[in-house]
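Q: start-v5.txt is reproduced below (compact mmCIF, C-alpha atoms and all ligand atoms).
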# COMPACT_ATOMS: atom_id res chain seq x y z
CA MET A 34 9.05 -9.46 -3.59
CA SER A 35 9.73 -6.26 -5.47
CA CYS A 36 6.43 -6.34 -7.31
CA ILE A 37 3.20 -7.12 -5.46
CA LEU A 38 -0.30 -7.45 -6.87
CA TYR A 39 -2.82 -6.61 -4.13
CA CYS A 40 -6.41 -7.86 -4.33
CA ASN A 41 -8.96 -6.30 -2.04
CA SER A 42 -11.05 -9.28 -0.91
CA SER A 43 -13.96 -7.29 0.50
CA ALA A 44 -14.24 -5.07 -2.59
CA ILE A 45 -14.30 -8.11 -4.90
CA ALA A 46 -16.77 -9.84 -2.55
CA HIS A 47 -19.04 -6.79 -2.81
CA ASN A 48 -19.04 -7.05 -6.61
CA VAL A 49 -19.79 -10.77 -6.51
CA LYS A 50 -22.74 -10.18 -4.15
CA PHE A 51 -24.05 -7.31 -6.26
CA LEU A 52 -24.06 -9.29 -9.52
CA SER A 53 -25.15 -12.61 -8.01
CA ASN A 54 -28.19 -10.87 -6.46
CA ILE A 55 -29.28 -9.57 -9.85
CA ILE A 56 -28.65 -12.91 -11.56
CA HIS A 57 -30.28 -15.07 -8.85
CA LYS A 58 -33.40 -12.89 -8.86
CA ARG A 59 -33.94 -14.07 -12.43
CA ASN A 60 -33.10 -17.68 -11.51
CA GLY A 61 -29.81 -17.52 -13.36
CA TYR A 62 -26.35 -18.90 -12.63
CA LEU A 63 -23.23 -16.83 -12.10
CA PHE A 64 -19.92 -18.51 -13.00
CA GLY A 65 -16.88 -16.61 -11.74
CA VAL A 66 -14.05 -16.48 -14.27
CA THR A 67 -10.66 -16.91 -12.61
CA LYS A 68 -8.31 -16.66 -15.61
CA VAL A 69 -7.46 -13.00 -15.04
CA LEU A 70 -5.73 -14.04 -11.79
CA SER A 71 -4.27 -17.25 -13.26
CA GLY A 72 -6.73 -19.50 -11.44
CA SER A 73 -6.14 -18.12 -7.96
CA PRO A 74 -7.79 -20.42 -5.36
CA GLU A 75 -8.29 -17.40 -3.06
CA LEU A 76 -10.24 -15.66 -5.79
CA ALA A 77 -12.29 -18.80 -6.45
CA LYS A 78 -13.11 -18.94 -2.72
CA ILE A 79 -14.30 -15.31 -2.72
CA PHE A 80 -16.42 -16.06 -5.79
CA ILE A 81 -18.12 -19.08 -4.24
CA ASP A 82 -18.50 -17.72 -0.71
CA HIS A 83 -20.35 -14.65 -2.01
CA GLY A 84 -22.72 -16.09 -4.54
CA CYS A 85 -21.09 -17.68 -7.59
CA ASP A 86 -22.64 -20.97 -8.69
CA GLY A 87 -19.60 -22.22 -10.57
CA ILE A 88 -16.00 -21.53 -11.50
CA ALA A 89 -14.87 -20.97 -15.08
CA ASP A 90 -11.43 -20.74 -16.65
CA SER A 91 -9.89 -21.06 -20.08
CA ARG A 92 -6.97 -23.20 -18.88
CA TRP A 93 -7.26 -26.64 -17.32
CA GLN A 94 -4.05 -25.89 -15.41
CA ASN A 95 -5.91 -23.13 -13.56
CA LEU A 96 -8.90 -25.35 -12.80
CA LYS A 97 -6.53 -28.04 -11.53
CA LYS A 98 -4.75 -25.52 -9.32
CA ILE A 99 -8.05 -24.48 -7.74
CA ARG A 100 -9.39 -28.00 -7.34
CA GLU A 101 -6.17 -29.26 -5.75
CA SER A 102 -5.67 -26.27 -3.46
CA ASP A 103 -5.96 -26.74 0.30
CA ILE A 104 -8.77 -24.17 0.31
CA PHE A 105 -10.85 -26.43 -1.92
CA LYS A 106 -9.81 -29.79 -0.57
CA GLN A 107 -10.64 -28.82 3.00
CA ASN A 108 -14.13 -27.50 2.36
CA LYS A 109 -16.78 -30.14 1.61
CA ASN A 110 -19.21 -27.48 0.39
CA TYR A 111 -17.00 -26.79 -2.59
CA LYS A 112 -17.14 -30.41 -3.80
CA ASN A 113 -20.28 -29.93 -5.86
CA ILE A 114 -19.34 -26.63 -7.45
CA PRO A 115 -19.24 -27.15 -11.23
CA PHE A 116 -16.10 -26.15 -13.12
CA LEU A 117 -16.54 -24.83 -16.64
CA ASN A 118 -13.83 -25.07 -19.29
CA LEU A 119 -14.06 -21.85 -21.33
CA ARG A 120 -11.67 -22.43 -24.21
CA LEU A 121 -12.66 -24.97 -26.85
CA PRO A 122 -11.07 -28.27 -25.78
CA THR A 123 -7.68 -29.16 -27.20
CA ILE A 124 -7.53 -32.79 -28.33
CA SER A 125 -4.00 -33.04 -26.96
CA GLU A 126 -5.25 -32.20 -23.46
CA LEU A 127 -8.66 -33.83 -23.36
CA ALA A 128 -7.78 -36.13 -20.49
CA GLN A 129 -6.97 -33.13 -18.29
CA ILE A 130 -9.99 -31.16 -19.45
CA VAL A 131 -12.37 -33.99 -18.60
CA LYS A 132 -10.61 -34.59 -15.31
CA TYR A 133 -10.69 -31.00 -14.09
CA SER A 134 -13.99 -29.69 -15.44
CA GLU A 135 -17.62 -30.80 -15.49
CA ILE A 136 -18.79 -28.61 -18.37
CA SER A 137 -17.05 -27.41 -21.53
CA LEU A 138 -17.89 -24.98 -24.28
CA VAL A 139 -17.66 -26.74 -27.68
CA SER A 140 -17.97 -25.98 -31.40
CA GLU A 141 -16.41 -28.90 -33.35
CA ILE A 142 -17.91 -32.37 -33.87
CA SER A 143 -14.49 -34.02 -34.10
CA ILE A 144 -13.59 -32.69 -30.66
CA ILE A 145 -16.97 -33.66 -29.22
CA LYS A 146 -16.39 -37.20 -30.48
CA GLU A 147 -13.06 -37.34 -28.67
CA LEU A 148 -14.69 -35.87 -25.56
CA ASP A 149 -17.26 -38.66 -25.68
CA ASN A 150 -14.45 -41.26 -25.82
CA GLU A 151 -12.56 -39.65 -22.99
CA SER A 152 -15.70 -39.31 -20.84
CA LYS A 153 -16.32 -43.02 -21.27
CA LYS A 154 -12.73 -43.80 -20.31
CA GLN A 155 -12.91 -41.67 -17.17
CA LYS A 156 -16.49 -42.74 -16.35
CA LYS A 157 -17.43 -39.09 -16.09
CA ARG A 158 -20.36 -37.75 -18.08
CA MET A 159 -19.02 -34.50 -19.50
CA GLN A 160 -21.57 -31.74 -20.05
CA ILE A 161 -21.26 -29.57 -23.13
CA ILE A 162 -22.52 -26.14 -24.16
CA VAL A 163 -22.60 -25.55 -27.92
CA MET A 164 -21.29 -22.14 -28.87
CA ILE A 165 -23.13 -20.02 -31.42
CA ASP A 166 -21.22 -17.24 -33.17
CA LEU A 167 -23.57 -14.28 -33.46
CA GLY A 168 -21.13 -12.25 -35.54
CA ASP A 169 -18.22 -11.48 -33.18
CA LEU A 170 -16.21 -14.11 -35.13
CA ARG A 171 -14.71 -15.86 -32.23
CA GLU A 172 -15.81 -19.44 -31.41
CA GLY A 173 -19.09 -20.99 -32.47
CA LEU A 174 -21.40 -22.09 -35.25
CA ILE A 175 -22.21 -19.53 -37.91
CA PRO A 176 -23.49 -19.80 -41.51
CA GLU A 177 -20.62 -19.48 -44.00
CA ASP A 178 -22.30 -16.66 -45.85
CA ALA A 179 -23.83 -14.91 -42.84
CA LYS A 180 -24.57 -11.25 -43.49
CA ASN A 181 -27.49 -10.55 -41.21
CA LEU A 182 -28.98 -12.42 -38.29
CA ASP A 183 -31.21 -14.77 -40.25
CA PHE A 184 -32.72 -17.44 -37.96
CA LYS A 185 -33.23 -19.96 -40.80
CA LYS A 186 -29.57 -19.90 -41.77
CA TRP A 187 -28.33 -20.49 -38.22
CA GLN A 188 -30.95 -23.22 -37.83
CA GLN A 189 -29.56 -24.97 -40.93
CA VAL A 190 -26.08 -25.01 -39.42
CA LEU A 191 -27.20 -26.02 -35.95
CA SER A 192 -29.61 -28.77 -36.96
CA PRO A 193 -27.12 -31.38 -38.31
CA PHE A 194 -24.74 -30.50 -35.47
CA ILE A 195 -27.29 -31.26 -32.75
CA LYS A 196 -28.35 -34.46 -34.53
CA GLU A 197 -24.74 -35.66 -34.43
CA ILE A 198 -24.29 -34.73 -30.78
CA ILE A 199 -27.33 -36.59 -29.50
CA LYS A 200 -25.90 -39.83 -30.85
CA PHE A 201 -23.09 -39.76 -28.32
CA ASN A 202 -23.86 -41.62 -25.09
CA ASN A 203 -21.17 -40.42 -22.73
CA ILE A 204 -21.68 -36.70 -22.95
CA GLU A 205 -24.67 -34.53 -22.23
CA LEU A 206 -25.74 -31.45 -24.16
CA VAL A 207 -26.76 -28.99 -21.43
CA GLY A 208 -27.00 -25.71 -23.27
CA LEU A 209 -26.18 -23.18 -25.91
CA GLY A 210 -23.91 -20.19 -25.49
CA THR A 211 -22.30 -17.27 -27.18
CA ASN A 212 -19.35 -14.97 -26.70
CA LEU A 213 -19.56 -11.32 -27.70
CA ALA A 214 -17.33 -8.23 -27.57
CA CYS A 215 -14.21 -10.38 -27.61
CA TYR A 216 -12.67 -10.55 -31.05
CA GLY A 217 -14.95 -8.43 -33.20
CA GLY A 218 -16.13 -6.04 -30.49
CA ILE A 219 -19.78 -6.81 -31.29
CA VAL A 220 -22.05 -5.76 -28.41
CA PRO A 221 -25.10 -7.65 -27.12
CA SER A 222 -28.23 -6.26 -28.75
CA ASP A 223 -31.95 -6.99 -28.93
CA GLU A 224 -31.35 -8.57 -32.35
CA ASN A 225 -28.47 -10.93 -31.58
CA MET A 226 -29.92 -11.96 -28.20
CA GLU A 227 -33.29 -12.61 -29.83
CA LEU A 228 -31.65 -14.92 -32.38
CA LEU A 229 -29.87 -16.80 -29.59
CA VAL A 230 -33.09 -17.23 -27.61
CA LYS A 231 -34.98 -18.40 -30.71
CA LEU A 232 -32.32 -21.02 -31.45
CA TYR A 233 -32.39 -22.16 -27.82
CA ARG A 234 -36.19 -22.56 -27.80
CA TRP A 235 -36.09 -24.34 -31.12
CA VAL A 236 -33.43 -26.88 -30.08
CA LYS A 237 -35.31 -27.61 -26.84
CA GLU A 238 -38.55 -28.26 -28.65
CA GLU A 239 -37.29 -29.90 -31.83
CA TYR A 240 -35.04 -32.39 -30.05
CA ASN A 241 -36.96 -32.59 -26.79
CA LEU A 242 -33.90 -31.63 -24.73
CA PRO A 243 -34.15 -29.93 -21.32
CA LEU A 244 -31.09 -27.64 -21.93
CA LYS A 245 -30.47 -26.24 -18.49
CA TYR A 246 -28.24 -23.36 -19.68
CA LEU A 247 -28.39 -20.52 -22.13
CA SER A 248 -24.99 -18.95 -21.59
CA GLY A 249 -25.47 -15.70 -23.41
CA ALA A 250 -23.03 -13.44 -21.68
CA ASN A 251 -19.57 -12.62 -20.49
CA SER A 252 -18.87 -9.25 -18.85
CA SER A 253 -20.00 -7.48 -22.02
CA GLY A 254 -23.56 -8.57 -21.22
CA ILE A 255 -23.64 -6.91 -17.79
CA PRO A 256 -24.73 -3.42 -18.95
CA PHE A 257 -27.52 -5.05 -20.99
CA LEU A 258 -28.50 -7.09 -17.94
CA ILE A 259 -28.51 -4.09 -15.59
CA GLU A 260 -30.64 -2.10 -18.05
CA GLY A 261 -33.17 -4.95 -17.82
CA LYS A 262 -32.85 -5.81 -21.51
CA MET A 263 -31.36 -9.31 -21.26
CA PRO A 264 -33.99 -11.90 -22.32
CA GLU A 265 -35.08 -14.01 -19.36
CA GLU A 266 -33.99 -17.26 -21.02
CA VAL A 267 -30.34 -16.16 -20.81
CA ASN A 268 -29.39 -17.73 -17.49
CA LEU A 269 -25.67 -18.51 -17.34
CA PHE A 270 -23.33 -15.58 -16.96
CA ARG A 271 -19.56 -16.15 -17.28
CA ILE A 272 -18.09 -13.12 -15.58
CA GLY A 273 -14.51 -12.12 -14.87
CA GLU A 274 -13.58 -8.54 -15.65
CA SER A 275 -16.74 -6.79 -14.45
CA MET A 276 -16.57 -8.55 -11.11
CA ILE A 277 -12.86 -7.98 -10.59
CA LEU A 278 -12.46 -4.47 -11.97
CA GLY A 279 -16.07 -3.23 -11.68
CA LEU A 280 -15.96 -1.96 -15.25
CA ASN A 281 -18.36 -1.81 -18.16
CA VAL A 282 -16.17 -3.64 -20.68
CA LEU A 283 -17.83 -1.95 -23.67
CA ASN A 284 -16.38 1.46 -22.78
CA ARG A 285 -14.30 0.74 -19.65
CA ASN A 286 -16.40 3.17 -17.60
CA PRO A 287 -17.16 2.21 -13.99
CA ILE A 288 -20.44 0.36 -13.42
CA GLU A 289 -22.52 2.11 -10.78
CA GLY A 290 -22.94 0.04 -7.64
CA LEU A 291 -19.73 -1.91 -8.16
CA ARG A 292 -16.45 -1.21 -6.38
CA HIS A 293 -13.35 -0.26 -8.34
CA ASP A 294 -10.75 -0.27 -5.56
CA THR A 295 -10.31 -3.99 -6.11
CA VAL A 296 -6.77 -4.49 -7.40
CA LYS A 297 -3.53 -2.52 -7.46
CA ILE A 298 0.10 -3.28 -8.10
CA ALA A 299 3.02 -1.96 -6.04
CA VAL A 300 6.54 -1.80 -7.43
CA GLU A 301 9.76 -1.14 -5.52
CA VAL A 302 11.97 1.88 -6.26
CA ILE A 303 15.60 0.93 -7.05
CA GLU A 304 16.98 4.22 -8.35
CA LYS A 305 16.11 7.89 -7.74
CA LYS A 306 18.16 10.54 -9.52
CA PHE A 307 17.86 13.85 -11.31
CA LYS A 308 18.71 13.18 -14.97
CA PRO A 309 18.06 14.71 -18.39
CA SER A 310 14.70 13.92 -19.99
CA LYS A 311 16.29 13.31 -23.40
CA PRO A 312 18.89 10.58 -24.02
CA ILE A 313 22.36 11.81 -24.97
CA GLY A 314 24.11 10.80 -28.22
CA LYS A 315 23.14 9.24 -31.53
CA SER A 316 20.00 7.09 -31.25
CA ALA A 317 18.96 3.79 -32.82
CA GLN A 318 16.34 1.16 -32.00
CA ASN A 319 15.71 0.38 -28.34
CA ALA A 320 15.67 -3.17 -26.90
CA PHE A 321 12.20 -3.77 -28.38
CA GLY A 322 13.01 -2.70 -31.94
CA GLU A 323 11.28 0.65 -31.52
CA LEU A 324 12.55 4.10 -32.43
CA VAL A 325 11.43 6.37 -29.62
CA GLU A 326 11.26 10.17 -29.75
CA PHE A 327 11.97 12.02 -26.53
CA GLU A 328 10.78 15.50 -25.69
CA ASP A 329 13.43 17.65 -23.98
CA LYS A 330 11.91 18.85 -20.70
CA GLY A 331 15.30 19.59 -19.13
CA THR A 332 16.42 17.85 -15.98
CA ILE A 333 13.76 15.81 -14.18
CA LEU A 334 13.61 13.58 -11.11
CA ARG A 335 13.57 10.03 -12.45
CA LEU A 336 12.66 6.89 -10.52
CA ILE A 337 13.41 3.38 -11.67
CA CYS A 338 11.19 0.60 -10.33
CA ALA A 339 11.86 -3.14 -10.36
CA ALA A 340 9.28 -4.37 -12.87
CA GLY A 341 9.32 -4.34 -16.63
CA ARG A 342 7.69 -5.53 -19.79
CA GLN A 343 8.45 -9.10 -18.80
CA ASP A 344 6.09 -8.77 -15.84
CA ILE A 345 3.48 -6.20 -16.75
CA LEU A 346 1.70 -4.60 -19.65
CA VAL A 347 3.01 -1.12 -18.96
CA ASP A 348 0.35 0.58 -21.13
CA GLY A 349 -2.30 -0.79 -18.79
CA LEU A 350 -0.85 0.82 -15.64
CA LYS A 351 -2.04 4.10 -14.15
CA PRO A 352 -0.20 5.67 -11.20
CA LEU A 353 -2.43 6.16 -8.16
CA ASP A 354 -0.34 9.22 -7.24
CA ASN A 355 -0.84 12.25 -9.53
CA ASP A 356 2.77 13.33 -8.98
CA ILE A 357 3.96 10.24 -10.84
CA GLU A 358 4.13 9.98 -14.62
CA ILE A 359 5.13 6.80 -16.49
CA LEU A 360 7.97 7.48 -18.96
CA GLY A 361 8.39 3.97 -20.31
CA ALA A 362 9.76 0.54 -19.59
CA SER A 363 12.33 -2.00 -20.66
CA SER A 364 12.31 -5.72 -19.84
CA ASP A 365 13.13 -5.25 -16.17
CA HIS A 366 12.79 -1.53 -15.44
CA LEU A 367 9.86 0.80 -15.13
CA GLU A 368 10.91 4.43 -15.69
CA LEU A 369 8.95 7.10 -13.84
CA HIS A 370 9.02 10.87 -13.50
CA LEU A 371 8.31 12.31 -10.06
CA LYS A 372 6.91 15.73 -10.91
CA ASN A 373 6.45 17.30 -7.45
CA ASN A 374 7.11 16.59 -3.78
CA TYR A 375 10.62 15.34 -4.41
CA ASN A 376 11.00 14.00 -0.87
CA LYS A 377 8.44 11.30 -1.46
CA TYR A 378 9.55 7.76 -2.26
CA ASP A 379 12.93 6.71 -0.91
CA ILE A 380 14.87 3.82 -2.39
CA GLY A 381 13.09 0.64 -1.27
CA SER A 382 9.65 2.23 -1.05
CA PHE A 383 6.79 1.08 -3.30
CA ILE A 384 4.81 2.99 -5.92
CA GLU A 385 1.23 1.93 -6.63
CA PHE A 386 -0.69 1.64 -9.88
CA SER A 387 -4.17 0.63 -10.96
CA LEU A 388 -4.36 -1.99 -13.73
CA SER A 389 -6.29 -2.66 -16.91
CA TYR A 390 -7.58 -6.16 -17.66
CA GLY A 391 -4.54 -6.86 -19.84
CA ALA A 392 -2.11 -5.56 -17.24
CA LEU A 393 -3.79 -7.68 -14.58
CA LEU A 394 -3.65 -10.77 -16.80
CA SER A 395 0.06 -10.32 -17.49
CA ALA A 396 0.98 -9.39 -13.90
CA SER A 397 -0.82 -12.41 -12.47
CA THR A 398 0.91 -14.65 -14.99
CA SER A 399 4.42 -13.38 -14.19
CA LYS A 400 6.24 -15.55 -11.71
CA TYR A 401 8.10 -12.43 -10.57
CA VAL A 402 4.93 -10.83 -9.20
CA ASP A 403 3.55 -11.79 -5.79
CA LEU A 404 -0.23 -12.07 -5.46
CA LYS A 405 -1.61 -10.91 -2.08
CA PHE A 406 -5.19 -10.81 -0.87
CA ILE A 407 -5.83 -8.10 1.71
C1 LIG A 501 -12.59 -14.97 -20.63
C2 LIG A 501 -13.92 -15.48 -20.99
C3 LIG A 501 -15.05 -15.02 -20.31
C4 LIG A 501 -14.98 -13.99 -19.24
O1 LIG A 501 -14.74 -12.77 -19.80
P1 LIG A 501 -14.83 -11.44 -18.93
O2 LIG A 501 -14.85 -10.38 -19.98
O3 LIG A 501 -13.63 -11.40 -18.07
O4 LIG A 501 -16.07 -11.50 -18.17
C5 LIG A 501 -16.27 -15.56 -20.66
N1 LIG A 501 -16.39 -16.47 -21.63
C6 LIG A 501 -15.34 -16.93 -22.32
C7 LIG A 501 -15.55 -17.95 -23.39
C8 LIG A 501 -14.06 -16.46 -22.02
O5 LIG A 501 -13.00 -16.92 -22.70
Could you write out this file's structure as structure tokens?
A:
Amino acid sequence: MSCILYCNSSAIAHNVKFLSNIIHKRNGYLFGVTKVLSGSPELAKIFIDHGCDGIADSRWQNLKKIRESDIFKQNKNYKNIPFLNLRLPTISELAQIVKYSEISLVSEISIIKELDNESKKQKKRMQIIVMIDLGDLREGLIPEDAKNLDFKKWQQVLSPFIKEIIKFNNIELVGLGTNLACYGGIVPSDENMELLVKLYRWVKEEYNLPLKYLSGANSSGIPFLIEGKMPEEVNLFRIGESMILGLNVLNRNPIEGLRHDTVKIAVEVIEKKFKPSKPIGKSAQNAFGELVEFEDKGTILRLICAAGRQDILVDGLKPLDNDIEILGASSDHLELHLKNNYNKYDIGSFIEFSLSYGALLSASTSKYVDLKFI
């Protein structure tokens, strides 16, 4: 294919080992999040073989793909690996969600009720983790008039919710969780983690529930964990980006000890010509409704590669070669400027780029991009 996404298996395996060591030392569970590579079974295998305790994804289609892959069907050891559904269940797809996952994050009683029905139908006791919104304003329970992290207010919201849940016979409440640094960019702190832990302790005691999991973190919790600040009760870590890109997701700096040579994308050159740097003639909107200004740098060596906005988030690409500069992209074409060493890159050769999380997500979702583990 003209566009290939390469994943470095040993580099990703290193990151899984590094984080699973830290998490297992504190008796925690590491769930590897596969959504950034569209539920790649190869990725799930690397996760499990090197220390993940479960697989998590936001789409049941991805969990199905992993579960039904030859890699998973042929290995008996993978049978008991729990699959966690990350996105709040959709009522229209509950049958699939119950079929392809053991645990789900939840935040609505009406959905939990339907989950209970579906679990009964499928004779499968679904486990649920109730999400608490600690101010990031994504999923979870939060007081309507929340201004500061007042335990009593969260308790008042959580209390009737838990009482409702424990009436259902076909599902099992196994924990509480939260999601930070996603929508609102709120970072894990002593204050919000303390509130989460207090709510967890209170639910366990008040309702006499064992609650195996306190799922307090996605990748945004990793810096807090490494600094030794994560409360010990927080024991389930749902990690994608930090394991795959090795980045601190709060500032996108590399995390020390993790590898960053994990993924790259290679795109084939289909045109190489010296051309002006500024379009000629009267200009209007481009194909994407944008008015673009061009600086006149005279004649430059331009390369066109066979990938475009349909396949990749061009803003999230960075050339691995310093002689290459990205000029822009249309649906199917990536426009590059080769600044020096004009003999490099013949037609048919490939140019390589590193990827941001968003670029990786879109590339792995494009059916025009080949995914290769090396
Ligand atoms: C995507 C997702 C994660 C994983 O996020 P990363 O930043 O890739 O670690 C964790 N939890 C939920 C609910 C998610 O949707």
Q: I'd like the interatomic distance between CA of Asn319 (chain A) and CA of Ala362 (chain A), to a tenth of an Å.
A: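 Computed distance, CA of Asn319 (chain A) to CA of Ala362 (chain A), equals 10.6 Å.
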Q: Counting only C-alpha atoms and all ligand atoms, what are the residues, protein, DNA or RNA alike, that approach ligand LIG 501 (chain A) to within 6 Å? I want them as a list in words.
A: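 My answer, listing the contacting residues, is Val66, Ser91, Leu119, Arg120, Asn212, Asn251, Ser252, Arg271, Ile272, Gly273 and Glu274 of chain A.
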Q: I'd like the neighbourhood of Leu228 (chain A) as a list in words, where a residue qualifies if any of its atoms comes within 9 Å (using all atoms listed in the file), though same-chain residues fewer than 3 positions away should be ignored.
A: Leu167, Leu182, Asp183, Phe184, Trp187, Asp223, Glu224, Asn225, Lys231, Leu232 and Tyr233 of chain A
Q: Each residue of region 198-264 of chain A with at least one atom at most 8 Å from region 144-162 of chain A should appear once, together with its nearest atom pair and the corresponding distance in Å (one decimal); atoms considered: all atoms listed in the file; ordering: chain, then increasing residue number; output as a Markdown table.
A:
| residue | atom | partner | partner_atom | distance |
| --- | --- | --- | --- | --- |
| A:Ile198 | CA | A:Ile145 | CA | 7.6 |
| A:Phe201 | CA | A:Asp149 | CA | 6.5 |
| A:Asn202 | CA | A:Asp149 | CA | 7.3 |
| A:Asn203 | CA | A:Asp149 | CA | 5.2 |
| A:Ile204 | CA | A:Met159 | CA | 4.9 |
| A:Glu205 | CA | A:Gln160 | CA | 4.7 |
| A:Leu206 | CA | A:Ile161 | CA | 5.0 |
| A:Val207 | CA | A:Ile161 | CA | 5.8 |
| A:Gly208 | CA | A:Ile162 | CA | 4.6 |
| A:Leu209 | CA | A:Ile162 | CA | 5.0 |
| A:Gly210 | CA | A:Ile162 | CA | 6.3 |
| A:Tyr246 | CA | A:Ile162 | CA | 7.8 |
Q: Skip Glu301 (chain A) itself and residues of its chain fewer than 2 positions away, then list as an mmCIF file with C-alpha atoms, in the frame of the given file all residues within 7 Å of it, counting only C-alpha atoms.
A:
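Written output follows (result-v6.cif):
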data_model
loop_
_atom_site.group_PDB
_atom_site.id
_atom_site.type_symbol
_atom_site.label_atom_id
_atom_site.label_comp_id
_atom_site.auth_asym_id
_atom_site.auth_seq_id
_atom_site.Cartn_x
_atom_site.Cartn_y
_atom_site.Cartn_z
ATOM 1 C CA SER A 35 9.730 -6.260 -5.470
ATOM 2 C CA CYS A 36 6.430 -6.340 -7.310
ATOM 3 C CA ALA A 299 3.020 -1.960 -6.040
ATOM 4 C CA ILE A 303 15.600 0.930 -7.050
ATOM 5 C CA CYS A 338 11.190 0.600 -10.330
ATOM 6 C CA ALA A 339 11.860 -3.140 -10.360
ATOM 7 C CA GLY A 381 13.090 0.640 -1.270
ATOM 8 C CA SER A 382 9.650 2.230 -1.050
ATOM 9 C CA PHE A 383 6.790 1.080 -3.300
ATOM 10 C CA ILE A 384 4.810 2.990 -5.920
#
Q: With region 387-394 of chain A as the partner and 6 Å as the cut-off, tabulate the residues of region 297-383 of chain A that qualify, each row holding the nearest pair of atoms and their distance in Å to one decimal, using all atoms listed in the file, sorted by chain and rising number, as JSON lines.
A:
{"residue": "A:Lys297", "atom": "CA", "partner": "A:Ser387", "partner_atom": "CA", "distance": 4.8}
{"residue": "A:Ile345", "atom": "CA", "partner": "A:Ala392", "partner_atom": "CA", "distance": 5.6}
{"residue": "A:Leu346", "atom": "CA", "partner": "A:Ala392", "partner_atom": "CA", "distance": 4.6}
{"residue": "A:Gly349", "atom": "CA", "partner": "A:Ser389", "partner_atom": "CA", "distance": 4.8}
{"residue": "A:Leu350", "atom": "CA", "partner": "A:Leu388", "partner_atom": "CA", "distance": 4.9}
{"residue": "A:Lys351", "atom": "CA", "partner": "A:Ser387", "partner_atom": "CA", "distance": 5.2}
Q: Which distance in Å separates CA of Ile37 (chain A) and CA of Asp403 (chain A), to one decimal?
A: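 CA of Asp403 (chain A) lies 4.7 Å from CA of Ile37 (chain A).
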Q: Can you measure CA of Leu367 (chain A) to CA of Ala340 (chain A) for me? One decimal in Å is fine.
A: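 Taking CA of Leu367 (chain A) and CA of Ala340 (chain A), their separation equals 5.7 Å.
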Q: For each of A:Lys186, A:Lys305, A:His293, A:Lys109, take the minimum atom-to-atom distance to Ser275 (chain A), counting only C-alpha atoms, then give the residue where this is smallest.
A: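 Under the stated criterion, the closest residue is A:His293.
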Q: Can you pull out the residues contacting region 253-257 of chain A? Cut-off 8 Å, using all atoms listed in the file, and skip same-chain residues under 6 positions away; I want them as a list in words.
A: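 The neighbour list is Leu213, Ala214, Val220, Pro221, Ser222, Met263, Ser275, Asn281, Val282, Leu283 and Ile288 of chain A.
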Q: Which residues come within 12 Å of Glu141 (chain A), counting all atoms listed in the file, excluding same-chain residues fewer than 2 positions away, as a tab-separated table (two decimals) with C-alpha atoms, in the frame of the given file?
A:
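In the end it all went to part-v3.tsv:
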chain	number	residue	atom	x	y	z
A	121	LEU	CA	-12.66	-24.97	-26.85
A	122	PRO	CA	-11.07	-28.27	-25.78
A	123	THR	CA	-7.68	-29.16	-27.20
A	124	ILE	CA	-7.53	-32.79	-28.33
A	137	SER	CA	-17.05	-27.41	-21.53
A	138	LEU	CA	-17.89	-24.98	-24.28
A	139	VAL	CA	-17.66	-26.74	-27.68
A	143	SER	CA	-14.49	-34.02	-34.10
A	144	ILE	CA	-13.59	-32.69	-30.66
A	145	ILE	CA	-16.97	-33.66	-29.22
A	146	LYS	CA	-16.39	-37.20	-30.48
A	147	GLU	CA	-13.06	-37.34	-28.67
A	148	LEU	CA	-14.69	-35.87	-25.56
A	161	ILE	CA	-21.26	-29.57	-23.13
A	162	ILE	CA	-22.52	-26.14	-24.16
A	163	VAL	CA	-22.60	-25.55	-27.92
A	164	MET	CA	-21.29	-22.14	-28.87
A	165	ILE	CA	-23.13	-20.02	-31.42
A	172	GLU	CA	-15.81	-19.44	-31.41
A	173	GLY	CA	-19.09	-20.99	-32.47
A	174	LEU	CA	-21.40	-22.09	-35.25
A	175	ILE	CA	-22.21	-19.53	-37.91
A	191	LEU	CA	-27.20	-26.02	-35.95
A	194	PHE	CA	-24.74	-30.50	-35.47
A	195	ILE	CA	-27.29	-31.26	-32.75
A	197	GLU	CA	-24.74	-35.66	-34.43
A	198	ILE	CA	-24.29	-34.73	-30.78
Q: From the list A:Leu170, A:Ala250, A:Ile104, A:Ala317, which residue is nearest Met226 (chain A) when using only C-alpha atoms?
A: A:Ala250
Q: Could you give me, as JSON, numbers by chain, the residues within 9 Å of region 38-55 of chain A, counting all atoms listed in the file and dropping anything in the same chain fewer than 3 positions from it?
A: {"A": [58, 59, 61, 62, 63, 65, 75, 76, 79, 80, 81, 82, 83, 84, 85, 86, 255, 258, 259, 275, 276, 277, 278, 279, 290, 291, 292, 293, 294, 295, 296, 297, 298, 299, 300, 393, 396, 397, 402, 403, 404, 405, 406, 407]}
Q: Between A:Leu371, A:Leu280, A:Ala77, A:Ile136, single out the one closest to Asn118 (chain A), counting all atoms listed in the file.
A: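 The closest residue to Asn118 (chain A) is A:Ile136.
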Q: Which residue, A:Phe116, A:Trp93, A:Phe64, A:Tyr216, has the smallest gap to Ile130 (chain A) when you use all atoms listed in the file?
A: A:Trp93
Q: Using all atoms listed in the file, which residue out of A:Ser399, A:Gln318, A:Asn60, A:Ser71 lies closest to Asn95 (chain A)?
A: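 Closest to Asn95 (chain A) of all the choices is A:Ser71.
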Q: My list of candidates is A:Glu239, A:Glu135, A:Glu265, A:Asp166. Which is closest to His57 (chain A) when distances are computed with only C-alpha atoms?
A: A:Glu265
